[in-house]
>>> print(open('protein21.pdb').read())   # PDB, C-alpha atoms and all ligand atoms
ATOM      1  CA  MET A 282       0.000   0.000   0.000
ATOM      2  CA  ASN A 283       1.284   3.467  -0.769
ATOM      3  CA  GLY A 284      -1.115   5.076   1.661
ATOM      4  CA  GLN A 285      -3.381   6.476  -1.084
ATOM      5  CA  VAL A 286      -7.142   6.172  -0.896
ATOM      6  CA  PRO A 287      -8.397   4.037  -3.843
ATOM      7  CA  GLY A 288      -9.733   6.369  -6.552
ATOM      8  CA  ALA A 289      -7.872   9.384  -5.150
ATOM      9  CA  GLN A 290      -6.193  11.610  -7.743
ATOM     10  CA  PRO A 291      -3.458  13.412  -5.860
ATOM     11  CA  HIS A 292      -2.536  15.678  -8.792
ATOM     12  CA  LEU A 293      -6.000  17.261  -8.888
ATOM     13  CA  ILE A 294      -7.716  19.961  -6.885
ATOM     14  CA  PRO A 295     -11.510  20.342  -6.870
ATOM     15  CA  PRO A 296     -12.813  22.484  -9.786
ATOM     16  CA  PRO A 297     -13.900  26.044  -8.970
ATOM     17  CA  VAL A 298     -17.558  26.256  -7.927
ATOM     18  CA  PRO A 299     -19.836  27.300 -10.817
ATOM     19  CA  VAL A 300     -22.741  29.726 -10.896
ATOM     20  CA  THR A 301     -25.640  27.392 -11.691
ATOM     21  CA  THR A 302     -28.825  28.504 -13.490
ATOM     22  CA  THR A 303     -31.038  27.098 -16.233
ATOM     23  CA  THR A 304     -31.293  27.987 -19.929
ATOM     24  CA  SER A 305     -34.533  29.314 -21.482
ATOM     25  CA  SER A 306     -35.326  25.700 -22.430
ATOM     26  CA  GLY A 307     -34.884  24.585 -18.816
ATOM     27  CA  ASN A 308     -31.477  22.888 -19.146
ATOM     28  CA  LEU A 309     -28.754  23.143 -16.547
ATOM     29  CA  LEU A 310     -26.278  25.975 -17.206
ATOM     30  CA  GLN A 311     -22.981  26.129 -15.303
ATOM     31  CA  GLU A 312     -20.788  29.214 -15.555
ATOM     32  CA  TRP A 313     -17.359  30.159 -14.239
ATOM     33  CA  PRO A 314     -17.457  33.869 -15.134
ATOM     34  CA  LYS A 315     -13.995  34.716 -13.742
ATOM     35  CA  ILE A 316     -12.321  32.440 -16.275
ATOM     36  CA  GLY A 317     -14.887  32.736 -19.092
ATOM     37  CA  LEU A 318     -16.024  29.110 -18.994
ATOM     38  CA  THR A 319     -19.593  27.908 -19.648
ATOM     39  CA  LEU A 320     -21.124  24.430 -19.747
ATOM     40  CA  ILE A 321     -24.635  23.991 -21.150
ATOM     41  CA  HIS A 322     -26.162  20.607 -20.404
ATOM     42  CA  GLU A 323     -28.413  18.773 -22.910
ATOM     43  CA  PHE A 324     -27.513  21.213 -25.691
ATOM     44  CA  ILE A 325     -28.531  18.629 -28.299
ATOM     45  CA  SER A 326     -31.281  16.015 -28.106
ATOM     46  CA  PRO A 327     -30.640  12.245 -27.927
ATOM     47  CA  ALA A 328     -32.071  12.000 -31.484
ATOM     48  CA  GLU A 329     -29.555  14.575 -32.778
ATOM     49  CA  GLU A 330     -26.803  12.737 -30.917
ATOM     50  CA  GLN A 331     -27.719   9.465 -32.615
ATOM     51  CA  GLU A 332     -27.806  11.138 -36.045
ATOM     52  CA  MET A 333     -24.308  12.551 -35.446
ATOM     53  CA  ILE A 334     -22.860   9.185 -34.444
ATOM     54  CA  THR A 335     -24.375   7.530 -37.513
ATOM     55  CA  ALA A 336     -23.074  10.300 -39.808
ATOM     56  CA  PHE A 337     -19.591  10.068 -38.266
ATOM     57  CA  HIS A 338     -19.297   6.332 -38.876
ATOM     58  CA  ALA A 339     -20.734   6.593 -42.394
ATOM     59  CA  ILE A 340     -17.413   8.364 -43.162
ATOM     60  CA  SER A 341     -15.135   6.550 -40.691
ATOM     61  CA  PRO A 342     -16.373   2.997 -40.029
ATOM     62  CA  LEU A 343     -14.887   1.570 -36.859
ATOM     63  CA  ASN A 344     -12.432  -1.243 -37.386
ATOM     64  CA  SER A 345     -10.194  -2.976 -34.901
ATOM     65  CA  ALA A 346      -7.017  -1.465 -36.426
ATOM     66  CA  ASP A 347      -7.878   1.981 -35.096
ATOM     67  CA  ALA A 348      -9.548   0.793 -31.905
ATOM     68  CA  LYS A 349      -7.054   2.745 -29.785
ATOM     69  CA  LYS A 350      -6.602   5.952 -31.724
ATOM     70  CA  ARG A 351      -8.486   9.222 -31.809
ATOM     71  CA  ILE A 352     -10.165   9.690 -35.211
ATOM     72  CA  SER A 353     -10.713  13.210 -36.587
ATOM     73  CA  GLN A 354     -12.940  14.536 -39.369
ATOM     74  CA  HIS A 355     -12.605  18.151 -40.524
ATOM     75  CA  PHE A 356     -15.295  20.371 -41.958
ATOM     76  CA  GLY A 357     -14.953  23.889 -43.264
ATOM     77  CA  HIS A 358     -11.213  24.612 -43.426
ATOM     78  CA  HIS A 359      -9.177  21.742 -42.045
ATOM     79  CA  PHE A 360      -7.430  22.029 -38.705
ATOM     80  CA  ASP A 361      -3.829  20.857 -38.539
ATOM     81  CA  TYR A 362      -3.042  19.139 -35.230
ATOM     82  CA  THR A 363       0.717  19.420 -35.807
ATOM     83  CA  THR A 364       0.716  23.230 -36.054
ATOM     84  CA  PHE A 365      -2.591  23.793 -34.225
ATOM     85  CA  GLY A 366      -3.417  26.114 -37.119
ATOM     86  CA  ILE A 367      -5.476  26.021 -40.302
ATOM     87  CA  ASP A 368      -4.692  24.319 -43.585
ATOM     88  CA  GLU A 369      -6.161  26.754 -46.144
ATOM     89  CA  SER A 370      -5.616  24.259 -48.958
ATOM     90  CA  LYS A 371      -8.195  21.809 -47.612
ATOM     91  CA  HIS A 372     -11.910  22.530 -47.259
ATOM     92  CA  SER A 373     -14.875  20.166 -46.785
ATOM     93  CA  PRO A 374     -18.568  21.142 -46.813
ATOM     94  CA  VAL A 375     -20.154  21.414 -43.367
ATOM     95  CA  PRO A 376     -22.678  18.559 -42.800
ATOM     96  CA  SER A 377     -26.330  19.293 -42.086
ATOM     97  CA  TYR A 378     -26.132  17.820 -38.562
ATOM     98  CA  ILE A 379     -23.799  20.711 -37.692
ATOM     99  CA  MET A 380     -25.656  23.399 -39.670
ATOM    100  CA  ASN A 381     -28.844  22.395 -37.803
ATOM    101  CA  PHE A 382     -27.604  23.589 -34.412
ATOM    102  CA  LEU A 383     -25.344  26.494 -35.488
ATOM    103  CA  ASP A 384     -28.053  29.092 -34.836
ATOM    104  CA  ARG A 385     -28.464  27.788 -31.278
ATOM    105  CA  LEU A 386     -24.826  28.395 -30.335
ATOM    106  CA  PRO A 387     -24.379  31.227 -27.834
ATOM    107  CA  VAL A 388     -22.385  33.988 -29.568
ATOM    108  CA  ASP A 389     -21.036  37.309 -28.292
ATOM    109  CA  THR A 390     -23.726  39.987 -28.265
ATOM    110  CA  GLU A 391     -21.262  42.884 -28.009
ATOM    111  CA  GLY A 392     -17.622  43.756 -28.661
ATOM    112  CA  LYS A 393     -15.518  43.172 -31.727
ATOM    113  CA  GLU A 394     -16.574  39.532 -32.068
ATOM    114  CA  ARG A 395     -20.296  40.309 -31.879
ATOM    115  CA  GLY A 396     -22.431  37.718 -33.698
ATOM    116  CA  ARG A 397     -19.370  35.726 -34.764
ATOM    117  CA  LYS A 398     -20.119  32.053 -35.460
ATOM    118  CA  PRO A 399     -17.640  29.223 -35.889
ATOM    119  CA  ASP A 400     -16.682  28.243 -39.424
ATOM    120  CA  GLN A 401     -14.169  25.490 -38.685
ATOM    121  CA  PHE A 402     -15.332  22.175 -37.264
ATOM    122  CA  THR A 403     -13.387  19.124 -36.104
ATOM    123  CA  VAL A 404     -15.404  16.050 -35.202
ATOM    124  CA  GLN A 405     -13.488  13.485 -33.207
ATOM    125  CA  TYR A 406     -14.022  10.021 -31.827
ATOM    126  CA  TYR A 407     -12.059   9.004 -28.723
ATOM    127  CA  PRO A 408     -12.116   5.262 -28.063
ATOM    128  CA  PRO A 409     -11.807   4.364 -24.363
ATOM    129  CA  GLY A 410      -8.172   4.993 -23.383
ATOM    130  CA  ALA A 411      -7.619   7.779 -25.934
ATOM    131  CA  GLY A 412      -7.137  11.410 -24.910
ATOM    132  CA  ILE A 413      -5.711  14.673 -26.118
ATOM    133  CA  PRO A 414      -2.580  16.144 -24.520
ATOM    134  CA  PRO A 415      -2.934  19.389 -22.587
ATOM    135  CA  HIS A 416      -2.685  22.348 -24.962
ATOM    136  CA  VAL A 417      -3.767  25.916 -25.566
ATOM    137  CA  ASP A 418      -5.494  26.318 -28.944
ATOM    138  CA  THR A 419      -3.673  28.815 -31.183
ATOM    139  CA  HIS A 420      -4.549  32.346 -30.133
ATOM    140  CA  SER A 421      -3.739  34.251 -33.289
ATOM    141  CA  MET A 422      -5.644  32.225 -35.869
ATOM    142  CA  PHE A 423      -9.021  31.790 -34.194
ATOM    143  CA  GLY A 424     -11.707  34.000 -32.670
ATOM    144  CA  GLU A 425     -11.974  34.060 -28.896
ATOM    145  CA  ALA A 426     -14.842  31.616 -28.346
ATOM    146  CA  LEU A 427     -13.944  27.922 -28.597
ATOM    147  CA  TYR A 428     -16.797  25.428 -28.472
ATOM    148  CA  SER A 429     -16.723  21.735 -27.673
ATOM    149  CA  LEU A 430     -19.850  19.630 -28.015
ATOM    150  CA  SER A 431     -19.621  16.209 -26.365
ATOM    151  CA  PHE A 432     -21.710  13.262 -27.462
ATOM    152  CA  GLY A 433     -21.864   9.467 -27.219
ATOM    153  CA  SER A 434     -20.536   9.581 -23.682
ATOM    154  CA  GLY A 435     -19.017  11.998 -21.187
ATOM    155  CA  VAL A 436     -15.419  12.544 -20.188
ATOM    156  CA  PRO A 437     -13.540  14.680 -17.666
ATOM    157  CA  MET A 438     -11.557  17.510 -19.250
ATOM    158  CA  ILE A 439      -8.467  18.602 -17.345
ATOM    159  CA  PHE A 440      -7.779  22.332 -17.002
ATOM    160  CA  ARG A 441      -4.638  23.974 -15.705
ATOM    161  CA  MET A 442      -3.649  27.603 -15.468
ATOM    162  CA  SER A 443      -0.567  27.834 -17.670
ATOM    163  CA  GLY A 444       2.816  28.814 -16.254
ATOM    164  CA  GLU A 445       6.525  28.397 -16.785
ATOM    165  CA  ASN A 446       6.239  24.776 -17.911
ATOM    166  CA  GLU A 447       3.731  25.560 -20.694
ATOM    167  CA  ALA A 448       5.619  28.698 -21.805
ATOM    168  CA  ARG A 449       8.815  26.672 -22.079
ATOM    169  CA  LYS A 450       7.106  23.949 -24.147
ATOM    170  CA  LEU A 451       5.659  26.483 -26.589
ATOM    171  CA  ARG A 452       9.191  27.792 -27.212
ATOM    172  CA  LEU A 453      10.783  24.414 -27.929
ATOM    173  CA  PRO A 454      12.122  24.256 -31.497
ATOM    174  CA  LYS A 455       9.932  21.270 -32.360
ATOM    175  CA  ARG A 456       6.682  21.918 -30.591
ATOM    176  CA  SER A 457       4.793  18.736 -30.051
ATOM    177  CA  LEU A 458       1.321  17.880 -28.910
ATOM    178  CA  GLN A 459       2.606  14.798 -27.152
ATOM    179  CA  GLU A 460       2.490  14.598 -23.406
ATOM    180  CA  PRO A 461       5.994  14.153 -21.957
ATOM    181  CA  VAL A 462       6.666  10.454 -21.570
ATOM    182  CA  GLY A 463       9.078   8.677 -19.268
ATOM    183  CA  ALA A 464      11.487   5.819 -20.115
ATOM    184  CA  ASP A 465       8.562   3.367 -19.769
ATOM    185  CA  GLY A 466       6.599   5.271 -22.477
ATOM    186  CA  LYS A 467       3.927   6.281 -19.964
ATOM    187  CA  PRO A 468       2.929   9.955 -19.459
ATOM    188  CA  VAL A 469       5.199  11.662 -16.915
ATOM    189  CA  GLU A 470       3.284  11.879 -13.688
ATOM    190  CA  GLU A 471       3.308  14.925 -11.487
ATOM    191  CA  LYS A 472       5.525  14.789  -8.437
ATOM    192  CA  GLY A 473       4.071  17.149  -5.847
ATOM    193  CA  ASN A 474       3.496  20.385  -7.742
ATOM    194  CA  LYS A 475       6.216  19.711 -10.316
ATOM    195  CA  VAL A 476       6.205  18.201 -13.797
ATOM    196  CA  ASP A 477       9.607  17.389 -15.216
ATOM    197  CA  GLY A 478      11.105  19.290 -12.288
ATOM    198  CA  VAL A 479       9.321  22.550 -13.197
ATOM    199  CA  ALA A 480       6.710  24.101 -10.880
ATOM    200  CA  VAL A 481       3.153  23.920 -12.248
ATOM    201  CA  HIS A 482      -0.209  25.289 -11.211
ATOM    202  CA  PRO A 483      -2.705  22.793  -9.808
ATOM    203  CA  ALA A 484      -5.006  21.081 -12.277
ATOM    204  CA  TRP A 485      -8.694  20.239 -11.997
ATOM    205  CA  GLU A 486     -11.075  18.131 -14.002
ATOM    206  CA  LEU A 487     -14.515  19.066 -15.223
ATOM    207  CA  MET A 488     -16.923  16.319 -16.278
ATOM    208  CA  LEU A 489     -18.324  17.042 -19.753
ATOM    209  CA  PRO A 490     -21.514  14.987 -19.976
ATOM    210  CA  ALA A 491     -22.822  13.574 -23.261
ATOM    211  CA  ARG A 492     -24.830  16.206 -25.218
ATOM    212  CA  SER A 493     -23.261  19.120 -23.325
ATOM    213  CA  LEU A 494     -21.695  22.193 -24.908
ATOM    214  CA  LEU A 495     -18.551  23.707 -23.405
ATOM    215  CA  VAL A 496     -17.666  27.297 -24.327
ATOM    216  CA  MET A 497     -14.190  28.630 -23.512
ATOM    217  CA  ARG A 498     -13.530  32.340 -23.560
ATOM    218  CA  GLY A 499     -11.203  34.698 -21.651
ATOM    219  CA  ALA A 500      -8.710  33.055 -19.284
ATOM    220  CA  SER A 501     -10.024  29.529 -19.858
ATOM    221  CA  ARG A 502      -9.419  29.993 -23.592
ATOM    222  CA  TYR A 503      -6.179  31.989 -23.595
ATOM    223  CA  GLY A 504      -4.433  31.194 -20.330
ATOM    224  CA  TYR A 505      -5.420  27.635 -19.374
ATOM    225  CA  THR A 506      -4.394  24.399 -20.985
ATOM    226  CA  HIS A 507      -7.157  21.879 -21.590
ATOM    227  CA  GLY A 508      -6.788  18.196 -22.351
ATOM    228  CA  ILE A 509      -8.168  14.720 -21.797
ATOM    229  CA  ARG A 510      -6.087  12.104 -20.012
ATOM    230  CA  PRO A 511      -5.556   8.869 -21.977
ATOM    231  CA  ARG A 512      -7.310   6.534 -19.534
ATOM    232  CA  LYS A 513      -9.744   3.638 -19.711
ATOM    233  CA  THR A 514     -11.366   4.574 -16.414
ATOM    234  CA  ASP A 515     -12.199   7.850 -14.688
ATOM    235  CA  VAL A 516     -12.838   8.752 -11.100
ATOM    236  CA  VAL A 517     -16.217  10.482 -10.978
ATOM    237  CA  ASP A 518     -17.368  11.702  -7.570
ATOM    238  CA  GLY A 519     -14.907   9.335  -5.917
ATOM    239  CA  THR A 520     -16.038   6.271  -7.879
ATOM    240  CA  THR A 521     -14.002   4.610 -10.627
ATOM    241  CA  VAL A 522     -16.071   4.229 -13.816
ATOM    242  CA  ARG A 523     -15.165   2.686 -17.182
ATOM    243  CA  ARG A 524     -14.919   5.078 -20.091
ATOM    244  CA  ASP A 525     -17.041   4.614 -23.201
ATOM    245  CA  GLY A 526     -16.272   5.921 -26.677
ATOM    246  CA  ARG A 527     -16.759   9.666 -26.761
ATOM    247  CA  TYR A 528     -17.301  12.001 -29.700
ATOM    248  CA  SER A 529     -16.817  15.734 -29.785
ATOM    249  CA  ILE A 530     -17.208  18.608 -32.212
ATOM    250  CA  THR A 531     -14.650  21.366 -31.652
ATOM    251  CA  MET A 532     -15.785  24.616 -33.269
ATOM    252  CA  ARG A 533     -13.680  27.688 -33.960
ATOM    253  CA  SER A 534     -13.905  30.793 -36.120
ATOM    254  CA  ILE A 535     -10.969  31.547 -38.395
ATOM    255  CA  ARG A 536      -9.273  34.942 -38.176
ATOM    256  CA  ARG A 537      -8.196  36.421 -41.483
ATOM    257  CA  GLY A 538      -6.114  39.350 -42.683
ATOM    258  CA  LYS A 539      -5.817  42.123 -40.113
ATOM    259  CA  GLU A 540      -7.692  40.100 -37.488
ATOM    260  CA  ILE A 541      -4.798  37.632 -37.181
ATOM    261  CA  GLY A 542      -2.863  38.257 -33.989
ATOM    262  CA  CYS A 543      -3.472  38.418 -30.282
ATOM    263  CA  ASP A 544      -3.039  40.875 -27.430
ATOM    264  CA  CYS A 545      -4.204  38.587 -24.607
ATOM    265  CA  LEU A 546      -3.044  38.735 -21.002
ATOM    266  CA  PHE A 547      -1.152  35.434 -21.280
ATOM    267  CA  PRO A 548       2.028  36.099 -23.314
ATOM    268  CA  GLY A 549       3.660  32.900 -21.974
ATOM    269  CA  VAL A 550       1.308  30.696 -24.016
ATOM    270  CA  CYS A 551       0.442  33.110 -26.840
ATOM    271  CA  ASP A 552       1.657  31.976 -30.271
ATOM    272  CA  ALA A 553       1.474  35.586 -31.530
ATOM    273  CA  ARG A 554       3.989  36.631 -28.827
ATOM    274  CA  VAL A 555       6.218  33.625 -29.546
ATOM    275  CA  ARG A 556       6.310  34.709 -33.215
ATOM    276  CA  GLN A 557       7.167  38.299 -32.223
ATOM    277  CA  GLU A 558      10.003  37.027 -30.011
ATOM    278  CA  GLN A 559      11.359  34.917 -32.879
ATOM    279  CA  GLU A 560      11.178  37.877 -35.261
ATOM    280  CA  ALA A 561      12.959  40.137 -32.759
ATOM    281  CA  ARG A 562      15.710  37.524 -32.308
ATOM    282  CA  GLU A 563      16.070  37.231 -36.082
ATOM    283  CA  ARG A 564      16.389  41.022 -36.466
ATOM    284  CA  LEU A 565      19.049  41.073 -33.743
ATOM    285  CA  ARG A 566      20.949  38.274 -35.457
ATOM    286  CA  GLN A 567      20.878  40.193 -38.745
ATOM    287  CA  CYS A 568      22.157  43.359 -37.052
ATOM    288  CA  GLU A 569      24.995  41.384 -35.457
ATOM    289  CA  ARG A 570      25.861  39.857 -38.843
ATOM    290  CA  VAL A 571      26.036  43.305 -40.480
ATOM    291  CA  GLU A 572      28.222  44.634 -37.644
ATOM    292  CA  THR A 573      30.758  41.808 -37.942
ATOM    293  CA  GLN A 574      31.111  42.232 -41.723
TER     294      GLN A 574
HETATM  295  O1  LIG B 601     -12.585  16.795 -27.568
HETATM  296  C1  LIG B 601     -12.708  17.894 -27.044
HETATM  297  O2  LIG B 601     -13.686  18.189 -26.367
HETATM  298  C2  LIG B 601     -11.642  18.949 -27.161
HETATM  299  C3  LIG B 601     -10.717  18.792 -28.300
HETATM  300  C4  LIG B 601      -9.723  19.915 -28.337
HETATM  301  O3  LIG B 601      -9.316  20.446 -27.348
HETATM  302  C5  LIG B 601      -9.264  20.397 -29.620
HETATM  303  O4  LIG B 601      -9.659  19.831 -30.637
HETATM  304  O5  LIG B 601      -8.486  21.376 -29.635
HETATM  305 FE    FE B 602      -8.307  22.322 -27.797
END
>>> encode(input="protein21.pdb", output="structure tokens", more="lines below")
Ligand SMILES: O=C(O)CCC(=O)C(=O)O
Ligand SMILES: [Fe+2]
Amino acid sequence: MNGQVPGAQPHLIPPPVPVTTTTSSGNLLQEWPKIGLTLIHEFISPAEEQEMITAFHAISPLNSADAKKRISQHFGHHFDYTTFGIDESKHSPVPSYIMNFLDRLPVDTEGKERGRKPDQFTVQYYPPGAGIPPHVDTHSMFGEALYSLSFGSGVPMIFRMSGENEARKLRLPKRSLQEPVGADGKPVEEKGNKVDGVAVHPAWELMLPARSLLVMRGASRYGYTHGIRPRKTDVVDGTTVRRDGRYSITMRSIRRGKEIGCDCLFPGVCDARVRQEQEARERLRQCERVETQ
């Protein structure tokens, strides 16, 4: 025995307490206004959910070869998970099962992104055991609001206020989405409040139930990492439960032309700032080259 309570997750703190109300259609609405996070329960009906699952597998039938891997389908402009940016050369028409709920999405009613709807959609299937490493979606290329619709089954999403560790990773020459792995190939576990020897903020998990819509804005969008641990079981309210296959639709709006860029309060994890730093270093290098000639 290592003295741990079965089901305890020592690396996690309890999530912040939400403001809980109901939507105009009577569904549970949880909000964390300080960090710009919203979770709308039962955003789609079970019938819509079933239609989405059927449509997904009409394109990507499940076979045992990919039983362990996350499968992605892209609609609108394709999202590139290696750069976390957009591939302008690839575009696929948006299916009707997405168009049908677009008008129901909550959009900004004021400010420079007023009325802005997503135009880039990534539908994913996560078999039990699959996850997505903690990341911050690219700031410069997408509008503020990020949406994630869960269906098929629920999953806990892990959130962590970014810090030195995340800023360092974003500045590595070959940025990778992979979680750091140890010699045994397993994700590096946290030791106390350190990952890889670097101090990190505490993390917390939020259960995203099937048919719920998560909206990330503000700090939760720009300053927190989000991810899904690659596990076959989850601890929900202290009880270990088996994971089922989960689907999600991530929705973003593409910034173009002069809109591209970011002036958020989180320069450590802002790709626009990283680019500026690289450009400044390049200018300095050129000046030094001229001086030594
Ligand atoms: O599956 C999800 O809910 C989130 C996926 C995600 O974070 C992403 O596609 O950037
Ligand atoms: Fe993401």
>>> axis_aligned_box(input="protein21.pdb", around="ligand LIG 601 (chain B)", padding_each_side="8 Å", output="lines of an AutoDock Vina configuration file")
center_x = -11.1
center_y = 19.1
center_z = -28.5
size_x = 21.2
size_y = 20.6
size_z = 20.3
>>> residues_near_ligand(input="protein21.pdb", ligand="ligand LIG 601 (chain B)", cutoff="7 Å", atoms="only C-alpha atoms and all ligand atoms", output="PyMOL selection string")
chain A and resi 403+405+413+418+429-431+507-508+529-531
>>> closest_residue(input="protein21.pdb", among="A:Leu343, A:Leu320, A:Val516, A:Ile439", to="ligand FE 602 (chain B)", atoms="all atoms listed in the file")
A:Ile439
>>> resolve_selection(input="protein21.pdb", expression="the PyMOL selection byres (((not hetatm)) within 10 of (chain B and resi 602))", output="list in words")
Tyr362, Phe365, Ile413, Pro414, Pro415, His416, Val417, Asp418, Thr419, Leu427, Tyr428, Ser429, Met497, Arg502, Thr506, His507, Gly508, Ile509, Thr531, Met532 and Arg533 of chain A
>>> write_last_selection(input="protein21.pdb", atoms="C-alpha atoms", output="short mmCIF file (atom, residue, chain, number, x, y, z; two decimals), in the frame of the given file")
data_model
loop_
_atom_site.label_atom_id
_atom_site.label_comp_id
_atom_site.auth_asym_id
_atom_site.auth_seq_id
_atom_site.Cartn_x
_atom_site.Cartn_y
_atom_site.Cartn_z
CA TYR A 362 -3.04 19.14 -35.23
CA PHE A 365 -2.59 23.79 -34.22
CA ILE A 413 -5.71 14.67 -26.12
CA PRO A 414 -2.58 16.14 -24.52
CA PRO A 415 -2.93 19.39 -22.59
CA HIS A 416 -2.68 22.35 -24.96
CA VAL A 417 -3.77 25.92 -25.57
CA ASP A 418 -5.49 26.32 -28.94
CA THR A 419 -3.67 28.82 -31.18
CA LEU A 427 -13.94 27.92 -28.60
CA TYR A 428 -16.80 25.43 -28.47
CA SER A 429 -16.72 21.74 -27.67
CA MET A 497 -14.19 28.63 -23.51
CA ARG A 502 -9.42 29.99 -23.59
CA THR A 506 -4.39 24.40 -20.98
CA HIS A 507 -7.16 21.88 -21.59
CA GLY A 508 -6.79 18.20 -22.35
CA ILE A 509 -8.17 14.72 -21.80
CA THR A 531 -14.65 21.37 -31.65
CA MET A 532 -15.78 24.62 -33.27
CA ARG A 533 -13.68 27.69 -33.96
#
>>> atom_distance(input="protein21.pdb", atom1="CA of Pro483 (chain A)", atom2="CA of Ile294 (chain A)")
6.5 Å
>>> closest_residue(input="protein21.pdb", among="A:Pro374, A:Pro408, A:Pro296, A:Pro548", to="Gln354 (chain A)", atoms="only C-alpha atoms")
A:Pro374
>>> resolve_selection(input="protein21.pdb", expression="the PyMOL selection byres (((chain A and resi 385) around 12) and not hetatm)", output="list in words")
Thr304, Ser305, Ser306, Ile321, Phe324, Ile325, Ile379, Met380, Asn381, Phe382, Leu383, Asp384, Leu386, Pro387, Val388, Gly396, Lys398, Pro399 and Leu494 of chain A
>>> closest_residue(input="protein21.pdb", among="A:Leu309, A:Ala411, A:Val298, A:Ile316", to="Pro511 (chain A)", atoms="only C-alpha atoms")
A:Ala411
>>> atom_distance(input="protein21.pdb", atom1="CA of Phe547 (chain A)", atom2="CA of Tyr503 (chain A)")
6.5 Å
>>> atom_distance(input="protein21.pdb", atom1="CA of Arg512 (chain A)", atom2="CA of Pro454 (chain A)")
28.9 Å
>>> closest_residue(input="protein21.pdb", among="A:Gly549, A:Pro342, A:Gly410, A:Pro437", to="Leu495 (chain A)", atoms="only C-alpha atoms")
A:Pro437
>>> residues_around(input="protein21.pdb", residues="Thr302 (chain A)", least_positions_apart="6", cutoff="9 Å", atoms="all atoms listed in the file", output="list in words")
Asn308, Leu309, Leu310, Gln311 and Glu312 of chain A
>>> closest_residue(input="protein21.pdb", among="A:Asn446, A:Ser421, A:Thr521, A:Ser370", to="Ala553 (chain A)", atoms="all atoms listed in the file")
A:Ser421
>>> closest_residue(input="protein21.pdb", among="A:Glu563, A:Asp525, A:Glu569, A:Glu369", to="Ser434 (chain A)", atoms="all atoms listed in the file")
A:Asp525
>>> residues_around(input="protein21.pdb", residues="Ala480 (chain A)", least_positions_apart="5", cutoff="8 Å", atoms="all atoms listed in the file", output="number ranges by chain")
A: 445-446, 474-475
>>> write_last_selection(input="protein21.pdb", atoms="C-alpha atoms", output="short mmCIF file (atom, residue, chain, number, x, y, z; two decimals), in the coordinates of the input")
data_model
loop_
_atom_site.label_atom_id
_atom_site.label_comp_id
_atom_site.auth_asym_id
_atom_site.auth_seq_id
_atom_site.Cartn_x
_atom_site.Cartn_y
_atom_site.Cartn_z
CA GLU A 445 6.52 28.40 -16.78
CA ASN A 446 6.24 24.78 -17.91
CA ASN A 474 3.50 20.39 -7.74
CA LYS A 475 6.22 19.71 -10.32
#
>>> resolve_selection(input="protein21.pdb", expression="the PyMOL selection byres (((chain A and resi 499) around 10) and not hetatm)", output="JSON, numbers by chain")
{"A": [314, 315, 316, 317, 318, 425, 426, 497, 498, 500, 501, 502, 503, 504, 505, 545, 546]}
>>> build_atoms(input="protein21.pdb", residues="region 313-324 of chain A", atoms="N, CA and C atoms", output="short mmCIF file (atom, residue, chain, number, x, y, z; two decimals), in the coordinates of the input")
data_model
loop_
_atom_site.label_atom_id
_atom_site.label_comp_id
_atom_site.auth_asym_id
_atom_site.auth_seq_id
_atom_site.Cartn_x
_atom_site.Cartn_y
_atom_site.Cartn_z
N TRP A 313 -18.50 29.74 -15.05
CA TRP A 313 -17.36 30.16 -14.24
C TRP A 313 -16.93 31.52 -14.81
N PRO A 314 -17.66 32.59 -14.44
CA PRO A 314 -17.46 33.87 -15.13
C PRO A 314 -16.04 34.42 -15.03
N LYS A 315 -15.35 34.17 -13.91
CA LYS A 315 -14.00 34.72 -13.74
C LYS A 315 -13.03 34.21 -14.80
N ILE A 316 -13.26 32.98 -15.28
CA ILE A 316 -12.32 32.44 -16.27
C ILE A 316 -13.00 32.25 -17.63
N GLY A 317 -14.23 32.75 -17.78
CA GLY A 317 -14.89 32.74 -19.09
C GLY A 317 -15.34 31.37 -19.57
N LEU A 318 -15.65 30.49 -18.62
CA LEU A 318 -16.02 29.11 -18.99
C LEU A 318 -17.52 28.88 -18.78
N THR A 319 -18.15 28.20 -19.73
CA THR A 319 -19.59 27.91 -19.65
C THR A 319 -19.84 26.46 -20.06
N LEU A 320 -20.73 25.79 -19.35
CA LEU A 320 -21.12 24.43 -19.75
C LEU A 320 -22.65 24.36 -19.78
N ILE A 321 -23.18 24.10 -20.98
CA ILE A 321 -24.64 23.99 -21.15
C ILE A 321 -24.98 22.51 -21.28
N HIS A 322 -25.79 22.02 -20.37
CA HIS A 322 -26.16 20.61 -20.40
C HIS A 322 -27.29 20.38 -21.41
N GLU A 323 -27.37 19.18 -21.95
CA GLU A 323 -28.41 18.77 -22.91
C GLU A 323 -28.57 19.80 -24.03
N PHE A 324 -27.46 20.22 -24.61
CA PHE A 324 -27.51 21.21 -25.69
C PHE A 324 -28.12 20.61 -26.96
#
